[in-house]
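As provided, entry_28.pdb (PDB, C-alpha atoms) reads as follows.
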MODEL        1
ATOM      1  CA  MET A 157      22.325  25.514  50.676  1.00  0.00           C
ATOM      2  CA  THR A 158      18.695  26.168  49.899  1.00  0.00           C
ATOM      3  CA  GLY A 159      16.281  24.234  52.079  1.00  0.00           C
ATOM      4  CA  THR A 160      18.994  23.021  54.429  1.00  0.00           C
ATOM      5  CA  ALA A 161      19.347  24.280  58.006  1.00  0.00           C
ATOM      6  CA  ARG A 162      22.757  25.685  58.837  1.00  0.00           C
ATOM      7  CA  ARG A 163      24.731  23.490  61.209  1.00  0.00           C
ATOM      8  CA  GLY A 164      25.849  24.648  64.634  1.00  0.00           C
ATOM      9  CA  ARG A 165      24.194  26.607  67.382  1.00  0.00           C
ATOM     10  CA  PRO A 166      21.244  28.841  66.487  1.00  0.00           C
ATOM     11  CA  PRO A 167      22.393  32.506  66.544  1.00  0.00           C
ATOM     12  CA  ALA A 168      20.210  33.399  69.523  1.00  0.00           C
ATOM     13  CA  ALA A 169      21.513  30.393  71.474  1.00  0.00           C
ATOM     14  CA  SER A 170      25.137  31.309  70.720  1.00  0.00           C
ATOM     15  CA  ARG A 171      24.631  34.898  71.815  1.00  0.00           C
ATOM     16  CA  GLN A 172      22.915  33.804  75.013  1.00  0.00           C
ATOM     17  CA  SER A 173      25.630  31.264  75.774  1.00  0.00           C
ATOM     18  CA  ILE A 174      28.249  34.017  75.489  1.00  0.00           C
ATOM     19  CA  GLU A 175      26.267  36.281  77.816  1.00  0.00           C
ATOM     20  CA  ASP A 176      25.818  33.469  80.344  1.00  0.00           C
ATOM     21  CA  ALA A 177      29.493  32.498  80.219  1.00  0.00           C
ATOM     22  CA  ALA A 178      30.595  36.104  80.678  1.00  0.00           C
ATOM     23  CA  SER A 179      28.285  36.593  83.650  1.00  0.00           C
ATOM     24  CA  GLU A 180      29.667  33.479  85.348  1.00  0.00           C
ATOM     25  CA  LEU A 181      33.303  34.367  84.721  1.00  0.00           C
ATOM     26  CA  PHE A 182      33.006  38.031  85.677  1.00  0.00           C
ATOM     27  CA  LEU A 183      31.521  36.986  89.018  1.00  0.00           C
ATOM     28  CA  GLU A 184      33.982  34.117  89.559  1.00  0.00           C
ATOM     29  CA  GLN A 185      37.255  35.850  88.750  1.00  0.00           C
ATOM     30  CA  GLY A 186      36.429  39.491  88.110  1.00  0.00           C
ATOM     31  CA  TYR A 187      35.974  41.523  84.955  1.00  0.00           C
ATOM     32  CA  ALA A 188      39.615  42.557  84.489  1.00  0.00           C
ATOM     33  CA  ALA A 189      40.943  39.002  84.910  1.00  0.00           C
ATOM     34  CA  THR A 190      38.556  37.581  82.324  1.00  0.00           C
ATOM     35  CA  SER A 191      39.618  37.622  78.682  1.00  0.00           C
ATOM     36  CA  VAL A 192      37.567  37.273  75.532  1.00  0.00           C
ATOM     37  CA  ASP A 193      39.204  33.874  75.033  1.00  0.00           C
ATOM     38  CA  ASP A 194      38.039  32.812  78.505  1.00  0.00           C
ATOM     39  CA  VAL A 195      34.462  33.772  77.676  1.00  0.00           C
ATOM     40  CA  ALA A 196      34.526  32.061  74.279  1.00  0.00           C
ATOM     41  CA  ARG A 197      35.985  28.886  75.795  1.00  0.00           C
ATOM     42  CA  ARG A 198      33.351  28.768  78.561  1.00  0.00           C
ATOM     43  CA  ALA A 199      30.583  29.423  76.038  1.00  0.00           C
ATOM     44  CA  GLY A 200      31.853  26.740  73.672  1.00  0.00           C
ATOM     45  CA  VAL A 201      32.248  29.099  70.731  1.00  0.00           C
ATOM     46  CA  SER A 202      35.223  30.365  68.742  1.00  0.00           C
ATOM     47  CA  ARG A 203      36.861  33.745  69.285  1.00  0.00           C
ATOM     48  CA  SER A 204      35.597  34.868  65.879  1.00  0.00           C
ATOM     49  CA  SER A 205      32.068  33.841  66.874  1.00  0.00           C
ATOM     50  CA  PHE A 206      32.368  36.037  69.960  1.00  0.00           C
ATOM     51  CA  PHE A 207      33.134  39.044  67.770  1.00  0.00           C
ATOM     52  CA  ASN A 208      30.188  38.250  65.527  1.00  0.00           C
ATOM     53  CA  TYR A 209      27.975  39.251  68.447  1.00  0.00           C
ATOM     54  CA  PHE A 210      30.034  41.700  70.509  1.00  0.00           C
ATOM     55  CA  ALA A 211      32.584  44.288  69.401  1.00  0.00           C
ATOM     56  CA  SER A 212      34.430  44.204  72.729  1.00  0.00           C
ATOM     57  CA  LYS A 213      34.402  42.631  76.172  1.00  0.00           C
ATOM     58  CA  SER A 214      32.902  45.775  77.689  1.00  0.00           C
ATOM     59  CA  ASP A 215      29.834  45.424  75.439  1.00  0.00           C
ATOM     60  CA  LEU A 216      28.834  42.439  77.576  1.00  0.00           C
ATOM     61  CA  LEU A 217      28.261  44.797  80.493  1.00  0.00           C
ATOM     62  CA  TRP A 218      25.685  46.799  78.577  1.00  0.00           C
ATOM     63  CA  VAL A 219      23.627  44.107  76.839  1.00  0.00           C
ATOM     64  CA  ALA A 220      20.349  45.360  78.318  1.00  0.00           C
ATOM     65  CA  VAL A 221      21.096  48.949  77.310  1.00  0.00           C
ATOM     66  CA  ASP A 222      22.144  47.999  73.783  1.00  0.00           C
ATOM     67  CA  ASP A 223      19.010  45.904  73.332  1.00  0.00           C
ATOM     68  CA  ALA A 224      16.934  48.882  74.483  1.00  0.00           C
ATOM     69  CA  LEU A 225      18.753  51.195  72.064  1.00  0.00           C
ATOM     70  CA  ALA A 226      18.029  48.762  69.240  1.00  0.00           C
ATOM     71  CA  GLY A 227      14.370  49.089  70.189  1.00  0.00           C
ATOM     72  CA  VAL A 228      14.707  52.875  70.054  1.00  0.00           C
ATOM     73  CA  ASP A 229      16.174  52.633  66.549  1.00  0.00           C
ATOM     74  CA  ARG A 230      13.266  50.501  65.367  1.00  0.00           C
ATOM     75  CA  ALA A 231      10.690  52.838  66.899  1.00  0.00           C
ATOM     76  CA  LEU A 232      12.271  55.934  65.367  1.00  0.00           C
ATOM     77  CA  GLU A 233      12.395  54.282  61.952  1.00  0.00           C
ATOM     78  CA  GLU A 234       8.757  53.226  62.217  1.00  0.00           C
ATOM     79  CA  ALA A 235       7.814  56.832  62.962  1.00  0.00           C
ATOM     80  CA  GLY A 236       8.582  57.644  59.321  1.00  0.00           C
ATOM     81  CA  GLU A 237       9.544  61.015  57.951  1.00  0.00           C
ATOM     82  CA  ALA A 238       7.929  64.401  57.522  1.00  0.00           C
ATOM     83  CA  PRO A 239       7.357  65.542  53.912  1.00  0.00           C
ATOM     84  CA  ALA A 240      10.402  67.444  52.693  1.00  0.00           C
ATOM     85  CA  ALA A 241      10.000  71.081  51.736  1.00  0.00           C
ATOM     86  CA  ALA A 242      12.483  73.497  50.202  1.00  0.00           C
ATOM     87  CA  GLU A 243      11.083  76.434  52.102  1.00  0.00           C
ATOM     88  CA  ARG A 244       8.560  76.691  54.900  1.00  0.00           C
ATOM     89  CA  PRO A 245       7.365  79.650  56.906  1.00  0.00           C
ATOM     90  CA  THR A 246       9.094  80.095  60.242  1.00  0.00           C
ATOM     91  CA  THR A 247       5.884  79.352  62.155  1.00  0.00           C
ATOM     92  CA  ALA A 248       5.500  76.087  60.248  1.00  0.00           C
ATOM     93  CA  GLU A 249       9.081  75.165  61.136  1.00  0.00           C
ATOM     94  CA  ALA A 250       8.281  75.699  64.812  1.00  0.00           C
ATOM     95  CA  GLU A 251       5.197  73.493  64.551  1.00  0.00           C
ATOM     96  CA  ALA A 252       7.186  70.798  62.739  1.00  0.00           C
ATOM     97  CA  PHE A 253       9.710  70.922  65.578  1.00  0.00           C
ATOM     98  CA  ALA A 254       6.884  70.674  68.135  1.00  0.00           C
ATOM     99  CA  ALA A 255       5.364  67.674  66.351  1.00  0.00           C
ATOM    100  CA  ALA A 256       8.733  65.898  66.233  1.00  0.00           C
ATOM    101  CA  VAL A 257       9.282  66.568  69.943  1.00  0.00           C
ATOM    102  CA  ALA A 258       5.839  65.181  70.808  1.00  0.00           C
ATOM    103  CA  THR A 259       6.459  62.043  68.744  1.00  0.00           C
ATOM    104  CA  LEU A 260       9.834  61.490  70.372  1.00  0.00           C
ATOM    105  CA  ARG A 261       8.396  61.975  73.862  1.00  0.00           C
ATOM    106  CA  ASP A 262       5.615  59.471  73.160  1.00  0.00           C
ATOM    107  CA  ILE A 263       8.119  56.911  71.827  1.00  0.00           C
ATOM    108  CA  ALA A 264      10.365  57.328  74.874  1.00  0.00           C
ATOM    109  CA  VAL A 265       7.502  56.898  77.333  1.00  0.00           C
ATOM    110  CA  ARG A 266       6.077  53.896  75.477  1.00  0.00           C
ATOM    111  CA  LEU A 267       9.412  52.096  75.343  1.00  0.00           C
ATOM    112  CA  ALA A 268      10.066  52.893  78.998  1.00  0.00           C
ATOM    113  CA  ASP A 269       6.661  51.456  79.919  1.00  0.00           C
ATOM    114  CA  GLU A 270       7.646  48.241  78.125  1.00  0.00           C
ATOM    115  CA  TYR A 271      11.112  48.031  79.694  1.00  0.00           C
ATOM    116  CA  PRO A 272      11.428  45.078  82.126  1.00  0.00           C
ATOM    117  CA  ALA A 273      12.192  45.788  85.773  1.00  0.00           C
ATOM    118  CA  ALA A 274      14.966  43.183  85.632  1.00  0.00           C
ATOM    119  CA  GLY A 275      16.629  44.766  82.608  1.00  0.00           C
ATOM    120  CA  ILE A 276      19.358  46.641  84.471  1.00  0.00           C
ATOM    121  CA  PRO A 277      22.839  46.232  82.950  1.00  0.00           C
ATOM    122  CA  TRP A 278      25.478  44.179  84.756  1.00  0.00           C
ATOM    123  CA  ALA A 279      27.771  47.199  84.753  1.00  0.00           C
ATOM    124  CA  ILE A 280      25.446  48.724  87.347  1.00  0.00           C
ATOM    125  CA  THR A 281      23.990  45.789  89.259  1.00  0.00           C
ATOM    126  CA  GLN A 282      27.194  43.763  89.606  1.00  0.00           C
ATOM    127  CA  ALA A 283      29.887  46.457  89.457  1.00  0.00           C
ATOM    128  CA  GLU A 284      31.326  45.728  92.905  1.00  0.00           C
ATOM    129  CA  LEU A 285      31.292  41.939  92.561  1.00  0.00           C
ATOM    130  CA  MET A 286      32.795  42.044  89.077  1.00  0.00           C
ATOM    131  CA  GLY A 287      35.412  44.599  90.046  1.00  0.00           C
ATOM    132  CA  THR A 288      34.682  46.823  87.063  1.00  0.00           C
ATOM    133  CA  SER A 289      36.720  50.027  86.923  1.00  0.00           C
ATOM    134  CA  GLU A 290      35.465  53.574  86.506  1.00  0.00           C
ATOM    135  CA  GLU A 291      37.066  53.573  83.064  1.00  0.00           C
ATOM    136  CA  THR A 292      35.057  50.521  82.084  1.00  0.00           C
ATOM    137  CA  LEU A 293      31.840  51.952  83.483  1.00  0.00           C
ATOM    138  CA  ALA A 294      32.493  55.102  81.459  1.00  0.00           C
ATOM    139  CA  THR A 295      31.879  53.082  78.298  1.00  0.00           C
ATOM    140  CA  GLY A 296      28.215  53.590  79.109  1.00  0.00           C
ATOM    141  CA  ALA A 297      28.626  57.306  78.346  1.00  0.00           C
ATOM    142  CA  SER A 298      29.370  56.505  74.710  1.00  0.00           C
ATOM    143  CA  ARG A 299      25.913  54.986  74.467  1.00  0.00           C
ATOM    144  CA  LEU A 300      24.317  58.212  75.677  1.00  0.00           C
ATOM    145  CA  ARG A 301      26.242  60.181  73.054  1.00  0.00           C
ATOM    146  CA  ALA A 302      25.090  57.720  70.405  1.00  0.00           C
ATOM    147  CA  LEU A 303      21.512  58.191  71.593  1.00  0.00           C
ATOM    148  CA  GLU A 304      21.897  61.964  71.249  1.00  0.00           C
ATOM    149  CA  ARG A 305      22.965  61.477  67.637  1.00  0.00           C
ATOM    150  CA  ARG A 306      19.928  59.275  67.016  1.00  0.00           C
ATOM    151  CA  VAL A 307      17.653  61.986  68.411  1.00  0.00           C
ATOM    152  CA  VAL A 308      19.276  64.666  66.238  1.00  0.00           C
ATOM    153  CA  SER A 309      18.876  62.457  63.161  1.00  0.00           C
ATOM    154  CA  PHE A 310      15.228  61.823  64.008  1.00  0.00           C
ATOM    155  CA  MET A 311      14.549  65.533  64.497  1.00  0.00           C
ATOM    156  CA  ARG A 312      16.265  66.341  61.194  1.00  0.00           C
ATOM    157  CA  ARG A 313      14.085  63.850  59.316  1.00  0.00           C
ATOM    158  CA  HIS A 314      10.911  65.224  60.857  1.00  0.00           C
ATOM    159  CA  ASP A 315      11.867  68.881  60.610  1.00  0.00           C
ATOM    160  CA  PRO A 316      14.205  69.042  57.586  1.00  0.00           C
ATOM    161  CA  SER A 317      14.362  72.841  57.379  1.00  0.00           C
ATOM    162  CA  GLY A 318      14.906  73.408  61.098  1.00  0.00           C
ATOM    163  CA  ASP A 319      17.871  74.608  63.137  1.00  0.00           C
ATOM    164  CA  ASP A 320      20.689  72.140  63.878  1.00  0.00           C
ATOM    165  CA  VAL A 321      21.778  74.137  66.927  1.00  0.00           C
ATOM    166  CA  LEU A 322      18.294  73.828  68.425  1.00  0.00           C
ATOM    167  CA  ARG A 323      18.140  70.135  67.535  1.00  0.00           C
ATOM    168  CA  GLY A 324      21.498  69.443  69.163  1.00  0.00           C
ATOM    169  CA  ALA A 325      20.649  71.348  72.329  1.00  0.00           C
ATOM    170  CA  PHE A 326      17.289  69.600  72.583  1.00  0.00           C
ATOM    171  CA  ALA A 327      18.822  66.153  72.038  1.00  0.00           C
ATOM    172  CA  ALA A 328      21.425  66.720  74.754  1.00  0.00           C
ATOM    173  CA  ALA A 329      18.831  67.958  77.248  1.00  0.00           C
ATOM    174  CA  PHE A 330      16.321  65.213  76.385  1.00  0.00           C
ATOM    175  CA  VAL A 331      18.842  62.389  76.756  1.00  0.00           C
ATOM    176  CA  ALA A 332      20.235  63.874  79.979  1.00  0.00           C
ATOM    177  CA  ALA A 333      16.742  64.110  81.477  1.00  0.00           C
ATOM    178  CA  ALA A 334      15.867  60.553  80.450  1.00  0.00           C
ATOM    179  CA  GLY A 335      19.195  59.308  81.797  1.00  0.00           C
ATOM    180  CA  SER A 336      18.593  61.033  85.119  1.00  0.00           C
ATOM    181  CA  ALA A 337      15.174  59.390  85.389  1.00  0.00           C
ATOM    182  CA  ALA A 338      16.642  55.985  84.534  1.00  0.00           C
ATOM    183  CA  ALA A 339      19.348  56.425  87.185  1.00  0.00           C
ATOM    184  CA  ALA A 340      16.720  57.286  89.797  1.00  0.00           C
ATOM    185  CA  TRP A 341      14.707  54.238  88.760  1.00  0.00           C
ATOM    186  CA  VAL A 342      17.720  51.941  89.107  1.00  0.00           C
ATOM    187  CA  GLY A 343      18.612  53.492  92.467  1.00  0.00           C
ATOM    188  CA  ALA A 344      15.133  52.783  93.840  1.00  0.00           C
ATOM    189  CA  GLY A 345      16.036  49.086  94.082  1.00  0.00           C
ATOM    190  CA  THR A 346      13.199  46.793  95.064  1.00  0.00           C
ATOM    191  CA  GLU A 347      10.957  49.823  95.530  1.00  0.00           C
ATOM    192  CA  ARG A 348      11.116  50.737  91.843  1.00  0.00           C
ATOM    193  CA  GLY A 349       7.868  50.948  89.920  1.00  0.00           C
ATOM    194  CA  PRO A 350       7.357  51.303  86.167  1.00  0.00           C
ATOM    195  CA  LEU A 351       9.997  53.330  84.331  1.00  0.00           C
ATOM    196  CA  GLY A 352       7.575  55.088  81.988  1.00  0.00           C
ATOM    197  CA  PRO A 353       6.113  57.638  84.439  1.00  0.00           C
ATOM    198  CA  LEU A 354       9.600  58.684  85.581  1.00  0.00           C
ATOM    199  CA  ILE A 355      10.764  59.216  82.008  1.00  0.00           C
ATOM    200  CA  GLU A 356       7.638  61.219  81.218  1.00  0.00           C
ATOM    201  CA  ARG A 357       8.071  63.421  84.279  1.00  0.00           C
ATOM    202  CA  ALA A 358      11.735  64.061  83.488  1.00  0.00           C
ATOM    203  CA  VAL A 359      11.473  64.835  79.772  1.00  0.00           C
ATOM    204  CA  GLU A 360       8.225  66.831  79.841  1.00  0.00           C
ATOM    205  CA  PRO A 361       9.819  70.108  81.068  1.00  0.00           C
ATOM    206  CA  VAL A 362      12.532  69.739  78.424  1.00  0.00           C
ATOM    207  CA  CYS A 363       9.958  69.211  75.687  1.00  0.00           C
ATOM    208  CA  VAL A 364       7.752  72.086  76.825  1.00  0.00           C
ATOM    209  CA  GLY A 365      10.694  74.443  77.233  1.00  0.00           C
ATOM    210  CA  PHE A 366      12.197  73.817  73.798  1.00  0.00           C
ATOM    211  CA  VAL A 367       8.846  73.920  72.002  1.00  0.00           C
ATOM    212  CA  THR A 368       8.008  77.203  73.738  1.00  0.00           C
ATOM    213  CA  ALA A 369      11.383  78.614  72.700  1.00  0.00           C
ATOM    214  CA  ALA A 370      10.928  77.493  69.085  1.00  0.00           C
ATOM    215  CA  ARG A 371       7.493  79.074  68.898  1.00  0.00           C
ATOM    216  CA  GLY A 372       8.785  82.224  70.531  1.00  0.00           C
ATOM    217  CA  HIS A 373      11.494  82.609  67.889  1.00  0.00           C
ATOM    218  CA  ALA A 374       8.876  82.119  65.187  1.00  0.00           C
ATOM    219  CA  GLN A 375       6.834  85.137  66.242  1.00  0.00           C
TER
ENDMDL
END

As structure tokens, what does this structure read like?
Amino acid sequence: MTGTARRGRPPAASRQSIEDAASELFLEQGYAATSVDDVARRAGVSRSSFFNYFASKSDLLWVAVDDALAGVDRALEEAGEAPAAAERPTTAEAEAFAAAVATLRDIAVRLADEYPAAGIPWAITQAELMGTSEETLATGASRLRALERRVVSFMRRHDPSGDDVLRGAFAAAFVAAAGSAAAAWVGAGTERGPLGPLIERAVEPVCVGFVTAARGHAQ
């Protein structure tokens, strides 16, 4: 109804209550022994409400990562698109590729600089206490593949007449390098500093190498 506040918990409060309930239960009785119904009951929400926020129980392990990926999506959308062209000289294609790579690198470093030191997913920080299996932890790999697809889509928008093979290879290498830097950052424990410099150091050789290759093919 217009002008009337919807009854019930605010969406943000409901989502947070589910996250809090899951964290408590996973630590109390283990990940495998905890059902979606258990989490919903502890959170004081219905089963259908649970699925309004999370597609599966394993998604609760990767809340921090999924929130970060949502930030990536917003940043890539805000970067806009390059003007479309039916035909462009090969050298111009290489420069369009280089510009897209530079934009992506800057976005990655900026978002990494903003990432909180405490934002490490439960799947990593509490794996032993929660008793999560290797199979469950592997659900994190699907997020890396999704990120690769986002990078390819971004590159295609910014370099519409480019090479999909080059885009795909770059996306895989870029995400792998960023993932390696993130893993090193997590592994540093209490000694970890800002994430941004590590991401920049890891992805820079990838960016330089692929841009050099693209320009070389254009000559």

**OP:** Apply the PyMOL selection byres ((chain A and resi 361) around 12) to the displayed file and report the matching residues as a PyMOL selection string.
**Re:** chain A and resi 257+261+326+329-330+333-334+355-360+362-368

Subject >> Hits of the PyMOL selection byres ((chain A and resi 194) around 12) in this structure, as an MDAnalysis selection string >> reply: chainID A and resid 174 177:182 184:193 195:203 206 213

Subject >> Residues selected by the PyMOL selection byres ((chain A and resi 275) around 12), written as a PyMOL selection string >> reply: chain A and resi 217-224+268+270-274+276-281+338+341-342+350-351

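With all atoms listed in the file as the basis for measurement, A:Thr288 is the residue among A:Thr288, A:Ala302, A:Thr346, A:Ala231 that approaches Leu216 (chain A) most closely.
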